[in-house]
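A.B. asks: The structure follows.
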Protein chains: 4
Amino acid sequence: MNASISFEQQLILLDRRIEKTWADILDNSRLVKAIREGSVSKALYAIYMIETFHYTAHNARNQGLVGVRHADNPVYAKFCFEHAAQEVGHEKMALHDVMSLGLKNQIFDMPPALAETEVLIAYLYWISFTGNPLQRLGYSYWAENAYHFITPLINQLSETLALKPAQLTFFIAHSDIDVEHFNEIKLILQRTCKCQTDWDAIAMVMETSLRLTGNMLEGVYKQYEAWQSGDAPRYEFLHALDNS
Amino acid sequence: MNASISFEQQLILLDRRIEKTWADILDNSRLVKAIREGSVSKALYAIYMIETFHYTAHNARNQGLVGVRHADNPVYAKFCFEHAAQEVGHEKMALHDVMSLGLKNQIFDMPPALAETEVLIAYLYWISFTGNPLQRLGYSYWAENAYHFITPLINQLSETLALKPAQLTFFIAHSDIDVEHFNEIKLILQRTCKCQTDWDAIAMVMETSLRLTGNMLEGVYKQYEAWQSGDAPRYEFLHALDNS
Amino acid sequence: MNASISFEQQLILLDRRIEKTWADILDNSRLVKAIREGSVSKALYAIYMIETFHYTAHNARNQGLVGVRHADNPVYAKFCFEHAAQEVGHEKMALHDVMSLGLKNQIFDMPPALAETEVLIAYLYWISFTGNPLQRLGYSYWAENAYHFITPLINQLSETLALKPAQLTFFIAHSDIDVEHFNEIKLILQRTCKCQTDWDAIAMVMETSLRLTGNMLEGVYKQYEAWQSGDAPRYEFLHALDNS
Amino acid sequence: MNASISFEQQLILLDRRIEKTWADILDNSRLVKAIREGSVSKALYAIYMIETFHYTAHNARNQGLVGVRHADNPVYAKFCFEHAAQEVGHEKMALHDVMSLGLKNQIFDMPPALAETEVLIAYLYWISFTGNPLQRLGYSYWAENAYHFITPLINQLSETLALKPAQLTFFIAHSDIDVEHFNEIKLILQRTCKCQTDWDAIAMVMETSLRLTGNMLEGVYKQYEAWQSGDAPRYEFLHALDNS
């Protein structure tokens, strides 16, 4: 019976699952709540962008790894390497945006990734190295289409923090790039997915990587609370942003 | 004193080392001798192209691996992934050219790579996975500029075997592509090589991978001899080419 | 000031963190609640043991990987390989115990690991492949000493389900083995941990891997609920245990 | 017909192939000739032992890698990890023996591995990471039984250079260990090899790794010649051994 599910229907099933998962995250995330209520601070945003820096630094690498592992299908391997090439260095934008908040002259060690971020990174390498060759497309499918969910939040945040476009290079660049990327991802799904097993693996990675991203958001907020209580020495340098 | 070696001089040193190594190979290779003397047969050429198929199938993968491992330098990582994307699927051309010799209707198992080819493949993964991040450029440096040495041989071979351009897709495509690639490689060397250690690692990988390729050529000829003596059951199917 | 923390004090700090994390898990886990209340069923226990089978099958492998990656310190590398050798095949015990519940004559496909279990497995490979060489000891430190927390639960469970010792090979074997293993782990910590950075990495991996295990327990319970509602076709075969 | 080849006959076939390959190496190696003629010098022996140090440092690691990759067969995985544990740190003996020649008070950088040694190391990782899971046993099969061929040479060498047993720890330890290891290897071959494909893969790796070792010996001699001509600055420190 599954054989009768059309490509368009498969995408609709993925979209529904994304919407449900995003709804869970957006409804429960204290970071999202702070943004929506206008109570987000530069420090909270900085903690979030530091984690964005960390996982983004691995995206080109785990995307490239899929090509290294699964070269049997030239169409797909070419996609993986081209996509990896496009993702290279995007973490620099996240870093630039953090610094632009008012840290340019601060001297500090970049705090290492939080446990929740490490788990996300670990998972993305794992599903790139093993299992169904196509499954990492599940991550791309939601991540390249996330701006639908994220843009309203970024708009609110930039208003609250009075950020200029030059301070939002990561999100602005991705909104632009990702429309095109998302079309490429739908195209490669259409060209490569041959059976329900592929779609199941993609859906599993899609939901799991999105939930792990949600966990990362919550991890960010916990660190923010710790920082407010003076219990997060790793973020001491963020007090430079207090009155900026 | 090394600090005073200019980029152009470094390339000249690499070129000299390539010329010397190629001279060793060309002077000693019985496959090359057979081509030059016009005694090359379709079976000998086929055995060579089967090995070409095998190592070429790994080139995109080990090139991509360099990007996965060494993402610190975005310029270089981007080069690695883009170059990998361009190399994807080139083994299909080698396979096409073998089949075009007259095997299209034969049913046979593709013989696995020879020991010498496995060693070359193993080495290329090893130097991509470990050691100096730039060192695989040493392989690209000779391989993307090999057509200078190889084109005369291919011309002789295609005359001897009366091959049409449509049967030489691998070499024709690479002659075209590689001029551009070679310029890209010189450019990336210029942008990334910072110290003599880099140049030394590149030169080492360059010479070693070229010598291993020479060993592969000799391995091909040994198999051809074995086939002629009836001692190479793996190539039994090549007798279909005897009178073609 | 950290320099003054003795080895014994470091262990006490680890122990406190384990106790706090275990308390969180035990207080919130619905699986644990079901065991304590005597409402656990064979199907629920089977779902748990299937996940135990899955992650256990990777323990020797990721332990061995640490030795492959970090051979500089012979004492530690030897420990890693010896410990890996001892962990080989333990998943067979978990499988045996599942089958002994009454599935011996059932024909079914082993359900793949749950998302939560995949995440745990992914994380254990990641921290074995990268980062501080000693950090996987954080996983061993809690896992080889978990029977303190788990034995009371297993006792209750075996009473509720009327399990014989021959049906509890996984837990009985591990209780026995792990006392000795735990002493070995304390010894290797003493011989290898040289600085606070090591202890921090170990503590981070310890807490994170324990929390991911807690997530796995919750994932098990969610599947059990789905199975009860008829929404988990992957566990259909467990109805064979309904009246056993 | 292959099915009728008994285990004992398979070993005889391997042994013949080893003998033939060793004969090629021993007949052509200039290092071997120098030892047999009593013209070997401390510097030549030191260059050889430095390469021994390099490849030995990877043996436990690539042996362990086989266990990491191929955990399906618990008997074999356990063997791999136990064997890896036993190989850990053996390079220290090679290093000790080099130093004992008279370098103890010299300050020098350990020269990196020669190209030929890198190729051997690369190949051993490659065949451990990919291909037939059992194939690395082909390397163990000749290496753990090499002392039959090597002991006479070591005896001659130690006489020529007047070395004491305490200066030959690497070879003495291995002669002792390897008798037992070799029996273990025959046992594991008997327990794991199920088909001719396994034996073919083992034989291929056996011969190839032995030939690459032969190439390494020749590489050592070339470096010695270069050193004698003053063309090997990497070995400058070996002149400390000239009159010792």
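Every chain in the structure tokens has a letter given in the order shown (A, B, ...), and although residue numbers restart at 1 in each chain, ligands are simply numbered from 1 in the order shown.
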Mind listing as JSON, numbers by chain which residues of chain A are within 7 Å of chain C, counting only C-alpha atoms?

C.D. replies: {"A": [115, 119, 122, 123, 126, 208]}

A.B. asks: Skipping near chain neighbours, those fewer than 6 positions away, what residues fall within 12 Å of D:Phe108 using only C-alpha atoms, listed as a list in words?

C.D. replies: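 Near D:Phe108, the qualifying residues are Met99, Pro233, Arg234, Tyr235, Glu236, Phe237, Leu238, His239 and Ala240 of chain D.
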
A.B. asks: Can you write just those residues out, all heavy atoms, as a PDB file, in the first residue's frame?

C.D. replies:
```pdb
ATOM      1  N   MET D  99      68.208   3.478  20.717  1.00  0.00           N
ATOM      2  CA  MET D  99      68.919   4.366  21.635  1.00  0.00           C
ATOM      3  C   MET D  99      70.131   3.661  22.244  1.00  0.00           C
ATOM      4  O   MET D  99      71.178   4.278  22.467  1.00  0.00           O
ATOM      5  CB  MET D  99      67.982   4.841  22.748  1.00  0.00           C
ATOM      6  CG  MET D  99      66.761   5.603  22.255  1.00  0.00           C
ATOM      7  SD  MET D  99      67.143   6.977  21.150  1.00  0.00           S
ATOM      8  CE  MET D  99      67.683   8.198  22.344  1.00  0.00           C
ATOM      9  N   PRO D 233      70.186  14.612   5.517  1.00  0.00           N
ATOM     10  CA  PRO D 233      70.313  15.426   6.737  1.00  0.00           C
ATOM     11  C   PRO D 233      69.458  14.901   7.889  1.00  0.00           C
ATOM     12  O   PRO D 233      69.799  15.111   9.057  1.00  0.00           O
ATOM     13  CB  PRO D 233      69.852  16.820   6.296  1.00  0.00           C
ATOM     14  CG  PRO D 233      69.271  16.668   4.930  1.00  0.00           C
ATOM     15  CD  PRO D 233      69.799  15.402   4.350  1.00  0.00           C
ATOM     16  N   ARG D 234      68.377  14.193   7.557  1.00  0.00           N
ATOM     17  CA  ARG D 234      67.511  13.683   8.622  1.00  0.00           C
ATOM     18  C   ARG D 234      68.232  12.683   9.526  1.00  0.00           C
ATOM     19  O   ARG D 234      67.799  12.432  10.641  1.00  0.00           O
ATOM     20  CB  ARG D 234      66.254  13.049   8.032  1.00  0.00           C
ATOM     21  CG  ARG D 234      66.553  12.007   6.972  1.00  0.00           C
ATOM     22  CD  ARG D 234      65.291  11.554   6.234  1.00  0.00           C
ATOM     23  NE  ARG D 234      64.682  10.411   6.863  1.00  0.00           N
ATOM     24  CZ  ARG D 234      63.380  10.202   6.970  1.00  0.00           C
ATOM     25  NH1 ARG D 234      62.534  11.072   6.496  1.00  0.00           N
ATOM     26  NH2 ARG D 234      62.904   9.131   7.544  1.00  0.00           N
ATOM     27  N   TYR D 235      69.293  12.077   9.010  1.00  0.00           N
ATOM     28  CA  TYR D 235      70.016  11.074   9.802  1.00  0.00           C
ATOM     29  C   TYR D 235      71.368  11.590  10.294  1.00  0.00           C
ATOM     30  O   TYR D 235      72.211  10.797  10.707  1.00  0.00           O
ATOM     31  CB  TYR D 235      70.222   9.801   8.976  1.00  0.00           C
ATOM     32  CG  TYR D 235      68.941   9.101   8.610  1.00  0.00           C
ATOM     33  CD1 TYR D 235      68.606   8.877   7.277  1.00  0.00           C
ATOM     34  CD2 TYR D 235      68.058   8.662   9.597  1.00  0.00           C
ATOM     35  CE1 TYR D 235      67.428   8.234   6.936  1.00  0.00           C
ATOM     36  CE2 TYR D 235      66.872   8.026   9.259  1.00  0.00           C
ATOM     37  CZ  TYR D 235      66.567   7.814   7.932  1.00  0.00           C
ATOM     38  OH  TYR D 235      65.402   7.185   7.604  1.00  0.00           O
ATOM     39  N   GLU D 236      71.568  12.892  10.226  1.00  0.00           N
ATOM     40  CA  GLU D 236      72.850  13.474  10.632  1.00  0.00           C
ATOM     41  C   GLU D 236      73.288  12.961  12.010  1.00  0.00           C
ATOM     42  O   GLU D 236      74.456  12.632  12.225  1.00  0.00           O
ATOM     43  CB  GLU D 236      72.718  15.002  10.647  1.00  0.00           C
ATOM     44  CG  GLU D 236      74.023  15.761  10.537  1.00  0.00           C
ATOM     45  CD  GLU D 236      74.821  15.346   9.305  1.00  0.00           C
ATOM     46  OE1 GLU D 236      74.215  15.112   8.224  1.00  0.00           O
ATOM     47  OE2 GLU D 236      76.050  15.223   9.440  1.00  0.00           O
ATOM     48  N   PHE D 237      72.320  12.862  12.917  1.00  0.00           N
ATOM     49  CA  PHE D 237      72.636  12.471  14.302  1.00  0.00           C
ATOM     50  C   PHE D 237      73.247  11.075  14.393  1.00  0.00           C
ATOM     51  O   PHE D 237      73.863  10.725  15.393  1.00  0.00           O
ATOM     52  CB  PHE D 237      71.384  12.564  15.175  1.00  0.00           C
ATOM     53  CG  PHE D 237      70.306  11.586  14.792  1.00  0.00           C
ATOM     54  CD1 PHE D 237      70.190  10.363  15.437  1.00  0.00           C
ATOM     55  CD2 PHE D 237      69.394  11.884  13.780  1.00  0.00           C
ATOM     56  CE1 PHE D 237      69.197   9.455  15.092  1.00  0.00           C
ATOM     57  CE2 PHE D 237      68.399  10.983  13.432  1.00  0.00           C
ATOM     58  CZ  PHE D 237      68.299   9.771  14.080  1.00  0.00           C
ATOM     59  N   LEU D 238      73.092  10.271  13.357  1.00  0.00           N
ATOM     60  CA  LEU D 238      73.618   8.901  13.419  1.00  0.00           C
ATOM     61  C   LEU D 238      75.147   8.859  13.355  1.00  0.00           C
ATOM     62  O   LEU D 238      75.748   7.824  13.648  1.00  0.00           O
ATOM     63  CB  LEU D 238      73.021   8.044  12.301  1.00  0.00           C
ATOM     64  CG  LEU D 238      71.524   7.738  12.434  1.00  0.00           C
ATOM     65  CD1 LEU D 238      71.039   6.902  11.254  1.00  0.00           C
ATOM     66  CD2 LEU D 238      71.223   7.009  13.751  1.00  0.00           C
ATOM     67  N   HIS D 239      75.764   9.971  12.983  1.00  0.00           N
ATOM     68  CA  HIS D 239      77.232   9.988  12.979  1.00  0.00           C
ATOM     69  C   HIS D 239      77.797   9.829  14.388  1.00  0.00           C
ATOM     70  O   HIS D 239      78.964   9.481  14.547  1.00  0.00           O
ATOM     71  CB  HIS D 239      77.754  11.261  12.303  1.00  0.00           C
ATOM     72  CG  HIS D 239      77.625  11.190  10.811  1.00  0.00           C
ATOM     73  ND1 HIS D 239      78.326  10.288  10.042  1.00  0.00           N
ATOM     74  CD2 HIS D 239      76.848  11.887   9.945  1.00  0.00           C
ATOM     75  CE1 HIS D 239      77.994  10.441   8.763  1.00  0.00           C
ATOM     76  NE2 HIS D 239      77.097  11.401   8.674  1.00  0.00           N
ATOM     77  N   ALA D 240      76.961  10.045  15.387  1.00  0.00           N
ATOM     78  CA  ALA D 240      77.391   9.781  16.763  1.00  0.00           C
ATOM     79  C   ALA D 240      77.749   8.313  16.958  1.00  0.00           C
ATOM     80  O   ALA D 240      78.450   7.947  17.901  1.00  0.00           O
ATOM     81  CB  ALA D 240      76.285  10.185  17.742  1.00  0.00           C
TER      82      ALA D 240
END
```

A.B. asks: Restricting the calculation to only C-alpha atoms, which member of D:Met216, D:Leu187, D:Met110, D:Val40 is positioned closest to D:Ala162?

C.D. replies: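 For D:Ala162, the nearest of the given residues is D:Val40.
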
A.B. asks: Could you pull the residues within 9 Å of stretch 219-221 of chain A, counting only C-alpha atoms, minus those fewer than 5 positions along the same chain, as a list in words?

C.D. replies: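 Here the answer would be Ser29, Arg30, Leu31, Leu44, Ile47, Tyr48, Glu51, Leu114, Ala115, Glu116, Thr117, Gly214 and Ala226 of chain A.
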
A.B. asks: Check the DSSP output for the backbone and give back, as a PyMOL selection string, the residues of stretch 188-241 of chain D in alpha helix (DSSP H).

C.D. replies: chain D and resi 188-192+196-228
